[in-house]
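Coordinates from entry00.tsv are shown below (TSV, C-alpha atoms).
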chain	number	residue	atom	x	y	z
A	194	MET	CA	-0.05	35.22	12.80
A	195	GLU	CA	0.73	37.20	9.72
A	196	THR	CA	-1.46	37.78	6.70
A	197	ASN	CA	-1.12	39.51	3.33
A	198	GLN	CA	-4.60	41.03	3.19
A	199	THR	CA	-5.81	44.34	4.62
A	200	GLY	CA	-7.60	44.22	7.98
A	201	VAL	CA	-7.72	40.45	8.38
A	202	TRP	CA	-6.32	37.92	10.77
A	203	LEU	CA	-5.52	34.23	10.34
A	204	CYS	CA	-7.26	31.76	12.64
A	205	ARG	CA	-4.62	29.64	14.36
A	206	ASN	CA	-6.96	26.64	14.55
A	207	CYS	CA	-8.41	26.28	11.02
A	208	ASN	CA	-6.22	28.73	9.01
A	209	THR	CA	-9.14	30.82	7.82
A	210	LEU	CA	-8.69	34.49	6.98
A	211	ILE	CA	-11.18	36.51	9.01
A	212	SER	CA	-12.08	40.19	8.95
A	213	ASN	CA	-10.59	42.42	11.64
A	214	ASP	CA	-14.08	43.29	12.90
A	215	ILE	CA	-14.80	39.73	13.99
A	216	THR	CA	-13.11	38.38	17.11
A	217	LEU	CA	-14.46	34.83	16.89
A	218	CYS	CA	-13.74	32.49	13.96
A	219	PRO	CA	-17.00	31.62	12.16
A	220	LYS	CA	-15.72	28.15	11.19
A	221	CYS	CA	-14.28	26.78	14.40
A	222	ALA	CA	-15.33	29.34	17.05
A	223	THR	CA	-11.75	30.05	18.12
A	224	GLU	CA	-11.10	33.48	19.63
A	225	ARG	CA	-8.70	35.83	17.88
A	226	GLY	CA	-6.12	35.99	20.63
A	227	ASP	CA	-2.95	38.00	20.11
A	228	GLU	CA	-2.62	37.66	16.34
A	229	GLU	CA	-1.21	40.69	14.62
A	230	ILE	CA	-3.42	42.59	12.22
A	231	HIS	CA	-1.61	43.86	9.14
A	232	ASN	CA	-2.91	46.71	7.07
A	233	GLU	CA	-0.70	46.05	4.06
A	234	PRO	CA	-2.37	46.07	0.63
A	235	ILE	CA	-2.87	42.80	-1.20
A	236	PRO	CA	-0.13	42.36	-3.82
A	237	ASP	CA	-1.25	42.28	-7.46
A	238	GLU	CA	1.11	39.47	-8.36
A	239	ILE	CA	2.14	36.52	-6.32
A	240	SER	CA	5.90	36.53	-6.17
A	241	GLU	CA	6.25	33.18	-4.50
A	242	VAL	CA	5.24	29.89	-6.10
A	243	VAL	CA	5.17	26.66	-4.16
A	244	GLU	CA	5.80	23.58	-6.26
A	245	ARG	CA	4.70	20.15	-5.26
A	246	LYS	CA	6.22	17.20	-7.02
A	247	GLU	CA	3.50	14.63	-6.39
A	248	TYR	CA	-0.16	15.44	-6.72
A	249	GLY	CA	-3.05	13.10	-6.17
A	250	ASN	CA	-3.87	10.42	-3.69
A	251	PRO	CA	-1.15	8.67	-1.75
A	252	LYS	CA	-0.15	5.27	-3.01
A	253	PRO	CA	-2.28	2.55	-1.46
A	254	GLN	CA	-0.46	0.22	0.86
A	255	LYS	CA	0.23	-3.18	-0.53
A	256	SER	CA	-1.60	-6.04	1.08
A	257	LYS	CA	0.48	-8.37	3.16
A	258	TYR	CA	-0.27	-11.36	0.94
A	259	ILE	CA	-1.08	-11.56	-2.75
A	260	PHE	CA	-3.67	-14.05	-4.02
A	261	ARG	CA	-1.31	-17.02	-4.27
A	262	GLU	CA	-0.03	-16.47	-0.74
A	263	ALA	CA	-3.51	-15.85	0.62
A	264	VAL	CA	-4.67	-19.16	-0.86
A	265	LEU	CA	-1.79	-20.96	0.85
A	266	VAL	CA	-2.60	-19.34	4.18
A	267	ASN	CA	-6.30	-20.20	3.87
A	268	ILE	CA	-5.59	-23.80	2.90
A	269	ALA	CA	-3.22	-24.10	5.86
A	270	ASP	CA	-5.84	-22.81	8.27
A	271	ILE	CA	-8.55	-25.05	6.83
A	272	THR	CA	-6.20	-28.04	7.06
A	273	LEU	CA	-5.55	-27.32	10.73
A	274	ILE	CA	-9.25	-26.94	11.53
A	275	ILE	CA	-10.16	-30.18	9.73
A	276	GLY	CA	-7.24	-31.93	11.45
A	277	ILE	CA	-8.45	-30.81	14.88
A	278	PHE	CA	-11.98	-31.94	14.03
A	279	CYS	CA	-10.73	-35.36	12.86
A	280	THR	CA	-8.54	-35.68	15.95
A	281	PHE	CA	-11.56	-35.13	18.16
A	282	GLY	CA	-13.58	-37.56	16.01
A	283	SER	CA	-10.97	-40.30	16.32
A	284	LEU	CA	-10.95	-39.92	20.11
A	285	VAL	CA	-14.74	-40.15	20.29
A	286	ALA	CA	-15.06	-42.97	17.71
A	287	PRO	CA	-14.60	-45.91	20.14
A	288	TYR	CA	-17.61	-44.68	22.12
A	289	ILE	CA	-19.79	-44.35	19.02
A	290	VAL	CA	-18.68	-47.21	16.76
A	291	GLU	CA	-17.91	-50.66	18.04
A	292	LEU	CA	-14.52	-51.70	16.70
A	293	ASN	CA	-13.32	-55.31	16.60
A	294	LEU	CA	-9.83	-54.44	17.82
A	295	THR	CA	-8.01	-55.16	21.00
A	296	ALA	CA	-7.72	-51.99	23.07
A	297	PRO	CA	-9.74	-49.72	20.73
A	298	MET	CA	-9.10	-46.64	22.88
A	299	MET	CA	-5.34	-47.06	22.50
A	300	TRP	CA	-5.73	-47.23	18.70
A	301	ALA	CA	-7.97	-44.15	18.83
A	302	ILE	CA	-5.33	-42.22	20.78
A	303	VAL	CA	-2.60	-43.30	18.36
A	304	ALA	CA	-4.76	-42.27	15.40
A	305	ALA	CA	-5.56	-38.93	17.07
A	306	VAL	CA	-1.88	-38.18	17.66
A	307	ILE	CA	-0.97	-39.09	14.07
A	308	ILE	CA	-3.84	-37.04	12.61
A	309	PHE	CA	-3.06	-34.02	14.79
A	310	ALA	CA	0.69	-34.17	14.09
A	311	THR	CA	0.09	-34.47	10.35
A	312	SER	CA	-2.36	-31.59	10.25
A	313	LEU	CA	-0.09	-29.39	12.39
A	314	LEU	CA	2.90	-30.20	10.18
A	315	SER	CA	0.88	-29.44	7.02
A	316	TRP	CA	-0.30	-26.16	8.53
A	317	ALA	CA	3.25	-25.13	9.43
A	318	LEU	CA	4.64	-26.04	5.99
A	319	LEU	CA	1.92	-24.21	4.06
A	320	ARG	CA	2.21	-21.09	6.24
A	321	THR	CA	6.00	-21.17	5.85
A	322	LEU	CA	5.68	-21.41	2.06
A	323	ALA	CA	3.34	-18.40	2.05
A	324	GLU	CA	5.72	-16.40	4.23
A	325	ILE	CA	8.75	-17.31	2.09
A	326	SER	CA	6.84	-16.28	-1.03
A	327	ARG	CA	5.90	-12.96	0.60
A	328	MET	CA	9.48	-12.26	1.69
A	329	LEU	CA	10.85	-13.07	-1.79
A	330	ARG	CA	8.28	-10.79	-3.39
A	331	ALA	CA	9.12	-8.00	-0.93
A	332	ARG	CA	12.82	-8.41	-1.71
A	333	ASN	CA	12.18	-8.27	-5.46
A	334	ASP	CA	10.03	-5.14	-5.07
A	335	LEU	CA	12.98	-3.21	-3.64

For this file, write the structure as structure tokens.
Amino acid sequence: METNQTGVWLCRNCNTLISNDITLCPKCATERGDEEIHNEPIPDEISEVVERKEYGNPKPQKSKYIFREAVLVNIADITLIIGIFCTFGSLVAPYIVELNLTAPMMWAIVAAVIIFATSLLSWALLRTLAEISRMLRARNDL
């Protein structure tokens, strides 16, 4: 490792300039190793300037969904959960409530299938709308 100061060496682990007299880095406890020690004087002026175009924190990553899309996704999930709950309720209803129908269990199964299919279809449509909105927004951001 090369340095520009007299009698110092550069730690290869933490890039700290350390006096030639010390063989162990005080910051990270790395041994000096085979680094070269230069006895050149420190220049009065810095002849090399490094320019960086962007200073500051990196840009935060955009969230996958914005508020409108997040609302659609949440409504879709809630619809599916309520649909599953109602499906289970319609299957259990003939055992809890006495219905004056012929073959109440058959009607309960039909109702459960219709409720589940409707809730699953609603869930899929709402999630698809949210995803289409996200893809259109991503395309417009380019």

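Distance-wise, atom CA of Thr272 of chain A and atom CA of Met298 of chain A end up 24.6 Å apart.
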
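Taking atom CA of Thr280 of chain A and atom CA of Phe260 of chain A as the two end points, the separation is 29.8 Å.
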
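Going from atom CA of Arg261 of chain A over to atom CA of Thr321 of chain A, you cover 13.2 Å.
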
_When you look at Phe281 of chain A with a cut-off of 10 Å (counting all atoms listed in the file), what residues show up, excluding the ones that are within fewer than 6 positions of it in the same chain? I need them as JSON, numbers by chain._
{"A": [275, 301, 302, 305, 308, 309]}

### Query
Given the choices A:Val306, A:Leu217, A:Asp334, A:Arg225, which gets closest to Cys279 of chain A if the distance is worked out from only C-alpha atoms?
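Among A:Val306, A:Leu217, A:Asp334, A:Arg225, it is A:Val306 that comes nearest to Cys279 of chain A.
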
Residue among A:Leu319, A:Leu292, A:Ala331, A:Val303 lying closest to Ala269 of chain A, counting all atoms listed in the file: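 Of the candidates, the smallest distance to Ala269 of chain A is held by A:Leu319.
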
Can you tell me, as lines of an AutoDock Vina configuration file, the centre and edge lengths (Å, one decimal) of the axis-aligned box enclosing all of segment 312-325 of chain A's listed atoms after padding each side by 8 Å?
center_x = 3.2
center_y = -24.0
center_z = 7.2
size_x = 27.1
size_y = 31.2
size_z = 26.3

Closest of A:Ile325, A:Gly282, A:Met299, A:Arg320 to Val266 of chain A, counting only C-alpha atoms, is A:Arg320

Using all atoms listed in the file, the best pick from A:Ile277, A:Ala296, A:Ile271, A:Cys218 as closest to Asn206 of chain A would be A:Cys218

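Proximity of A:Ile215, A:Cys207, A:Ala304, A:Ile259 to Arg327 of chain A, computed with all atoms listed in the file, is greatest for A:Ile259.
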